[in-house]
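Student: There's a structure below that I have some questions on.
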Amino acid sequence: MALIVQKYGGTSVGDTERMKNVARRCIAAQKAGHDVVVVVSAMSGETNRLLKLVAQITDRPSEREQDVVVATGEQVSIGLVAMAIQAQGGLATSFLGHQVQIVTDSIFSKARIKRIDAEKIVEALKQKHIVVVAGFQGQDEQGNVTTLGRGGSDTTAVALAAALKADACEIYTDVDGVYTTDPNVCPAARKLERISYEEMLDLASVGAKVLQIRSVEFAMKYKVPLWVKSSFTDDPGTLVCEEDKSMENVIVSGIAYDKNEAKLAISGVPDIPGVAARIFGALDEQNVVVDLIVQTASKDGKTDLSFTVGKTDLVKAKEVVERVAKEINAGGVETDGDVAKVSIVGVGMRNHSGVAAKMFQILASEGINIQLISTSEIKVSCLIQSKYTELAVRALHTAFGLDKAPAAG
Ligand code: ADP
Ligand code: ASP
Ligand code: MG
């Protein structure tokens with residue numbers, strides 16, 4: 001007998017029929033002899049709907065109150081799924097984040113899980129209940145409601161699997177596994193039977209939203225065998241696990257894109273020591289995460305500084321940067337939300353030169369201008385105009401030899 005944590009994403013609980021399907025799957029897993037904990041997301045579109053309501057009130061919401069609002073989507077889902085299990089003759093109990101004591105830090109809208117006190121879950125499992133837990137939410141040490149960032153239900157599931165020492169964590173979603181790139185954007189994407197934690201971490205870190213990055217970090221740290229599967233088929237899916245020799249050894253293993261970043265550019269920044277520390281220190285104080293950064297060559301003692309932040313932090317970041325720009329006598333601040341980051345990832349890049357250059361050539365041959373670049377040992381990211389995202393992903397996927405063989409006939 002095993003303990004399995006299953007997580008169902010927004011599409012998988014998108015309407016009540018789909019919730020009944022989830023209930024059937026949970027009951028089947030229990031009938032197969034397992035203890036079952038199921039984590040669910042809000043119904044698809046619900047978190048966006050709640051964020052729109054917030055935006056209709058203010059563009060600078062109290063982050064505490066925003067979390068109070070957006071955490072509600074998952075509450076509806078757990079109640080309905082627990083009822084669907086009961087209606088099919090099963091035993092089920094639902095729990096919100098604070099009821100199972102998912103304790104986080106106090107960084108609203110991107111809180112990190114600090115600990116989980118799973119006593120209530122263990123108790124309910126002993127009574128043979130299927131335990132239905134709300135994804136995405138927790139509470140801080142002061143009892144405030146917190147949320148874990150978009151896609152955070154994945155992290156709830158893996159963190160619970162780690163805390164309960166589960167035998168497996170299964171992430172059920174609307175695709176049947178992890179692909180070389182988003183199969184909804186690139187029809188030639190190939191499904192991977194297995195992928196190492198490291199490579200999945202890299203893909204997630206540059207925007208492959210099939211798994212939230214924190215969930216992969218947890219899985220890697222606690223060695224949780226993590227499956228990505230479809231809630232609509234019986235396909236075995238993809239196993240995210242430790243690297244072994246049989247894994248594909250290619251230069252570029254995947255392509256990802258991220259449309260959730262926005263660019264800020266500060267012109268006329270005095271080119272003296274300490275200025276970057278002032279700007280990025282002020283952003284850090286406000287918990288704004290900065291990604292790509294580029295500084296132009298100094299001219300007449302001034303430089304231009306461009307960088308990206310999460311789109312949801314853009315208004316806050318602009319406020320901070322405008323204030324600091326005045327203090328340091330910099331010029332104007334411009335923003336652009338119409339950008340996307342396209343990245344290539346692969347551990348094989350470590351031993352090969354010219355991979356970045358090839359990426360730039362491919363984008364150039366499609367007429368795509370590169371605004372910012374960032375490289376590391378195993379990934380290269382380019383910021384481009386958002387309307388070219390799909391074109392860039394497909395062109396890179398083909399050029400780096402990732403396309404699947406065309407179907408016979
Ligand atoms: P859920 O609501 O189930 O959490 P998400 O929308 O968060 O689902 O994640 C699943 C989506 O991730 C897929 O529909 C797909 O468009 C996207 N995706 C991005 N990159 C990949 C990839 N490399 N492999 C599979 N899916 C990917
Ligand atoms: N409902 C949250 C979101 O849409 C969390 C999740 O689905 O994982 O981001
Ligand atoms: Mg998700």
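Labels used: A, B, ... for chains in the order of the structure tokens, numbers from 1 for residues in each chain, and numbers from 1 for ligands as shown.
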Could you list the protein, DNA and RNA residues that have any atom within 8 Å of ligand 1, counting only C-alpha atoms and all ligand atoms, and write them as JSON, numbers by chain?
Tutor: {"A": [8, 9, 10, 11, 12, 41, 44, 151, 153, 154, 171, 172, 173, 174, 175, 176, 177, 178, 179, 180, 181, 182, 183, 184, 185, 191, 203, 207, 208, 209, 210, 211, 212, 254, 255, 256, 257]}
Student: I need the residues of region 294-354 of chain A that end up classed as strand (DSSP E) by DSSP on the backbone, written out as a ChimeraX atom specification.
Tutor: /A:294-295,302-310,333-336,339-345
Student: Convert the current residue selection to file output with C-alpha atoms, as a PDB file, in the first residue's frame.
Tutor:
ATOM      1  CA  VAL A 294      21.529  45.057 -19.228  1.00  0.00           C
ATOM      2  CA  GLN A 295      23.627  48.203 -18.831  1.00  0.00           C
ATOM      3  CA  LYS A 302      26.010  58.195 -17.975  1.00  0.00           C
ATOM      4  CA  THR A 303      24.595  54.802 -18.923  1.00  0.00           C
ATOM      5  CA  ASP A 304      21.187  53.345 -19.695  1.00  0.00           C
ATOM      6  CA  LEU A 305      19.918  50.498 -17.564  1.00  0.00           C
ATOM      7  CA  SER A 306      17.228  48.050 -18.678  1.00  0.00           C
ATOM      8  CA  PHE A 307      15.831  45.103 -16.756  1.00  0.00           C
ATOM      9  CA  THR A 308      12.760  42.932 -16.417  1.00  0.00           C
ATOM     10  CA  VAL A 309      10.419  42.235 -13.506  1.00  0.00           C
ATOM     11  CA  GLY A 310       7.272  40.124 -13.168  1.00  0.00           C
ATOM     12  CA  VAL A 333      11.920  55.728 -16.686  1.00  0.00           C
ATOM     13  CA  GLU A 334      10.127  53.872 -19.461  1.00  0.00           C
ATOM     14  CA  THR A 335       8.177  50.629 -19.248  1.00  0.00           C
ATOM     15  CA  ASP A 336       7.133  48.019 -21.807  1.00  0.00           C
ATOM     16  CA  VAL A 339       7.619  41.632 -24.252  1.00  0.00           C
ATOM     17  CA  ALA A 340       8.329  37.925 -23.897  1.00  0.00           C
ATOM     18  CA  LYS A 341      11.370  35.983 -22.819  1.00  0.00           C
ATOM     19  CA  VAL A 342      12.340  33.039 -24.993  1.00  0.00           C
ATOM     20  CA  SER A 343      14.942  30.625 -23.645  1.00  0.00           C
ATOM     21  CA  ILE A 344      16.879  27.561 -24.684  1.00  0.00           C
ATOM     22  CA  VAL A 345      17.959  25.138 -21.974  1.00  0.00           C
TER      23      VAL A 345
END
Student: What lies within 12 Å of Glu123 (chain A) using only C-alpha atoms, ignoring chain neighbours under 5 positions off, as a ChimeraX atom specification?
Tutor: /A:35,93,100,117-118,128-131,164
Student: Taking C-alpha atoms for each residue, export the selection above as a CSV table (one decimal), in the first residue's frame.
Tutor:
chain,number,residue,atom,x,y,z
A,35,ASP,CA,-4.0,6.3,0.7
A,93,THR,CA,-12.7,15.6,3.9
A,100,VAL,CA,-3.7,21.7,7.6
A,117,ASP,CA,1.9,20.2,10.2
A,118,ALA,CA,0.1,17.3,8.5
A,128,LYS,CA,-9.9,5.9,5.2
A,129,HIS,CA,-10.9,9.4,3.9
A,130,ILE,CA,-9.6,10.8,0.7
A,131,VAL,CA,-8.2,14.1,1.8
A,164,LEU,CA,3.9,13.0,4.3
Student: Would you list the contacts of Val38 (chain A) as a ChimeraX atom specification, taking every protein, DNA or RNA residue within 7 Å and counting only C-alpha atoms, but skipping same-chain residues closer than 4 positions in sequence?
Tutor: /A:5-7,131-133
Student: Just want the 12 Å neighbourhood of Leu51 (chain A), counted on only C-alpha atoms, with same-chain residues fewer than 2 positions away dropped. Output as a VMD selection string.
Tutor: chain A and resid 45 to 49 53 to 61 63 65 to 73 109 150 312
Student: Set the distance at 6 Å and use only C-alpha atoms: which residues neighbour region 134-144 of chain A once local chain neighbours fewer than 3 positions away are removed? I'd like the list as JSON, numbers by chain.
Tutor: {"A": [39, 40, 41, 74, 78, 96, 97, 98, 102, 103, 104, 105, 106, 147, 148, 152, 153, 156]}
Student: Next, the residues of the selection above should be written as a compact mmCIF listing (two decimals), in the first residue's frame with C-alpha atoms.
Tutor:
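Dumped to selection.txt:
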# COMPACT_ATOMS: atom_id res chain seq x y z
CA VAL A 39 -4.62 18.87 -4.05
CA VAL A 40 -6.84 20.99 -6.27
CA SER A 41 -6.53 24.37 -7.97
CA GLU A 74 -9.40 26.93 -4.31
CA ILE A 78 -12.06 21.51 -2.57
CA LEU A 96 -7.92 24.81 3.53
CA GLY A 97 -4.24 25.79 3.80
CA HIS A 98 -4.57 27.06 7.35
CA ILE A 102 0.70 25.02 5.66
CA VAL A 103 2.83 27.72 7.25
CA THR A 104 4.56 30.20 4.94
CA ASP A 105 6.60 33.37 5.21
CA SER A 106 4.76 36.70 4.89
CA THR A 147 -0.66 32.59 -1.63
CA LEU A 148 2.30 30.87 -3.26
CA GLY A 152 1.45 27.44 -6.71
CA SER A 153 -0.81 24.40 -6.35
CA THR A 156 1.44 22.61 -2.38
Student: Using backbone DSSP assignments, extract all alpha helix (DSSP H) residues from region 301-356 of chain A; output them as a list in words.
Tutor: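 Everything in region 301-356 of chain A that counts as alpha helix (DSSP H) is Leu314, Val315, Lys316, Ala317, Lys318, Glu319, Val320, Val321, Glu322, Arg323, Val324, Ala325, Lys326, Glu327, Val355 and Ala356 of chain A.
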Student: Residues as selected, N, CA and C atoms, written as an mmCIF file, in the first residue's frame, can you do that?
Tutor:
data_model
loop_
_atom_site.group_PDB
_atom_site.id
_atom_site.type_symbol
_atom_site.label_atom_id
_atom_site.label_comp_id
_atom_site.auth_asym_id
_atom_site.auth_seq_id
_atom_site.Cartn_x
_atom_site.Cartn_y
_atom_site.Cartn_z
ATOM 1 N N LEU A 314 4.915 45.308 -12.030
ATOM 2 C CA LEU A 314 5.364 46.448 -12.839
ATOM 3 C C LEU A 314 5.006 47.806 -12.226
ATOM 4 N N VAL A 315 3.772 47.946 -11.760
ATOM 5 C CA VAL A 315 3.346 49.255 -11.232
ATOM 6 C C VAL A 315 4.186 49.619 -10.007
ATOM 7 N N LYS A 316 4.338 48.617 -9.121
ATOM 8 C CA LYS A 316 5.140 48.837 -7.906
ATOM 9 C C LYS A 316 6.593 49.155 -8.268
ATOM 10 N N ALA A 317 7.150 48.372 -9.206
ATOM 11 C CA ALA A 317 8.553 48.559 -9.586
ATOM 12 C C ALA A 317 8.762 49.950 -10.193
ATOM 13 N N LYS A 318 7.809 50.398 -11.013
ATOM 14 C CA LYS A 318 7.950 51.704 -11.668
ATOM 15 C C LYS A 318 7.981 52.806 -10.607
ATOM 16 N N GLU A 319 7.102 52.688 -9.632
ATOM 17 C CA GLU A 319 7.064 53.675 -8.546
ATOM 18 C C GLU A 319 8.415 53.758 -7.831
ATOM 19 N N VAL A 320 8.939 52.588 -7.485
ATOM 20 C CA VAL A 320 10.217 52.532 -6.761
ATOM 21 C C VAL A 320 11.330 53.139 -7.616
ATOM 22 N N VAL A 321 11.367 52.719 -8.886
ATOM 23 C CA VAL A 321 12.464 53.155 -9.752
ATOM 24 C C VAL A 321 12.375 54.659 -10.047
ATOM 25 N N GLU A 322 11.170 55.169 -10.203
ATOM 26 C CA GLU A 322 11.024 56.617 -10.450
ATOM 27 C C GLU A 322 11.530 57.418 -9.249
ATOM 28 N N ARG A 323 11.242 56.910 -8.051
ATOM 29 C CA ARG A 323 11.701 57.601 -6.840
ATOM 30 C C ARG A 323 13.234 57.591 -6.777
ATOM 31 N N VAL A 324 13.831 56.396 -6.980
ATOM 32 C CA VAL A 324 15.290 56.310 -6.882
ATOM 33 C C VAL A 324 15.952 57.108 -8.016
ATOM 34 N N ALA A 325 15.351 57.076 -9.208
ATOM 35 C CA ALA A 325 15.926 57.799 -10.357
ATOM 36 C C ALA A 325 16.064 59.284 -10.027
ATOM 37 N N LYS A 326 15.049 59.830 -9.366
ATOM 38 C CA LYS A 326 15.112 61.250 -8.960
ATOM 39 C C LYS A 326 16.251 61.473 -7.977
ATOM 40 N N GLU A 327 16.333 60.579 -6.991
ATOM 41 C CA GLU A 327 17.356 60.730 -5.942
ATOM 42 C C GLU A 327 18.774 60.698 -6.510
ATOM 43 N N VAL A 355 26.483 28.106 -29.074
ATOM 44 C CA VAL A 355 25.048 27.826 -28.987
ATOM 45 C C VAL A 355 24.251 29.135 -28.945
ATOM 46 N N ALA A 356 24.757 30.102 -28.155
ATOM 47 C CA ALA A 356 24.062 31.388 -28.071
ATOM 48 C C ALA A 356 24.059 32.063 -29.444
#
Student: Can you work out the spacing between CA of Ala84 (chain A) and CA of Val158 (chain A) in Å, to one decimal?
Tutor: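 These atoms are spaced 23.6 Å apart.
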Student: Please determine, counting only C-alpha atoms, which residue among A:Ala265, A:Leu283, A:Val13, A:Val252 has the shortest atom-to-atom distance to Arg350 (chain A).
Tutor: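 Selected residue with least distance to Arg350 (chain A): A:Val252.
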Student: When you draw a straight line from CA of Glu217 (chain A) to CA of Gly346 (chain A), how long is it in Å?
Tutor: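 For CA of Glu217 (chain A) relative to CA of Gly346 (chain A), the distance reads 17.4 Å.
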Student: Between CA of Lys223 (chain A) and CA of Cys241 (chain A), measure the distance and give it in Å to one decimal.
Tutor: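 Rounded to one decimal, the two atoms are 7.7 Å apart.
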Student: Pick out the closest residue to His34 (chain A) from this set: A:Lys263, A:His397, A:Lys126, A:Arg190. Count only C-alpha atoms.
Tutor: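 Using only C-alpha atoms, His34 (chain A) sits closest to A:Lys126.
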